[in-house]
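Worksheet for the structure shown next.
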Amino acid sequence: MADLIAIGYPDEATAEAAADEARRLAQDLIIQPDAIAVIVRDADGSYHVRTSHHPVGAGATWGMFWGMLFGLLFFIPVFGMAVGAGLGALMGKLTKTSIDRQFQDQVRDMLKPGTSALFLMVEKVTPDKAVEAMSKYGGTVLKTSLSKEGEQELQDALHGQSSS
């Protein structure tokens, strides 16, 4: 089971610093993130997204995942993805199988103009060390879990395969 963790910060810069810390923790094997994304909402309400993910094989898939997630959460096209029938179907799959409505609403409420958030898709974590290292950044932590089945359905949808 993978966890999607969103940590909201009251300014535009802290999420990027926390993402650097998460990457360091990954090198030390304290956390094993599949993907890391930072979204900044500047004072005028515009969104800016930066991502990193495993470079082997899954890079394009995670880029699509973050694009879909942020499109779903904030109603914004990310990475220049055009809205078409396939994208609509994929967003429907993401909404239906993976991420609960309460989590979506909490993330939307958390990311106001002038704030930022760190998003981590994490398979394994050493909780005490990770919490200790990340706590210096503060923030509001939200978490939802994806079942193995939900993860597989999402991966299948991202790869254009039917999982039914």
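Following the order of the structure tokens, chains are lettered A, B, ..., residues in each are numbered from 1, and ligands are numbered from 1.
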
key: Exercise: A:Tyr9 partners within 12 Å, only C-alpha atoms, chain neighbours under 2 positions left out, as an NGL selection string   = :A and (6-7 or 11-19 or 38-41 or 107 or 110-119 or 135-142)

query = If we count only C-alpha atoms, what is near stretch 20-31 of chain A at a cut-off of 12 Å, once residues fewer than 5 positions away on the same chain are taken out, given as a ChimeraX atom specification?
reply = /A:3,5,7,13-15,36-38,50-54,118-137

request  = Once DSSP has gone over the backbone, tell me which residues of stretch 3-34 of chain A are in helix (DSSP H, G or I), as a list in words.
outcome  =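 DSSP on the backbone gives helix (DSSP H, G or I) at Thr14, Ala15, Glu16, Ala17, Ala18, Ala19, Asp20, Glu21, Ala22, Arg23, Arg24, Leu25, Ala26 and Gln27 of chain A.
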
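Atom CA of A:Gly8 to atom CA of A:Asp105 spans 13.3 Å [interatomic distance, one decimal].
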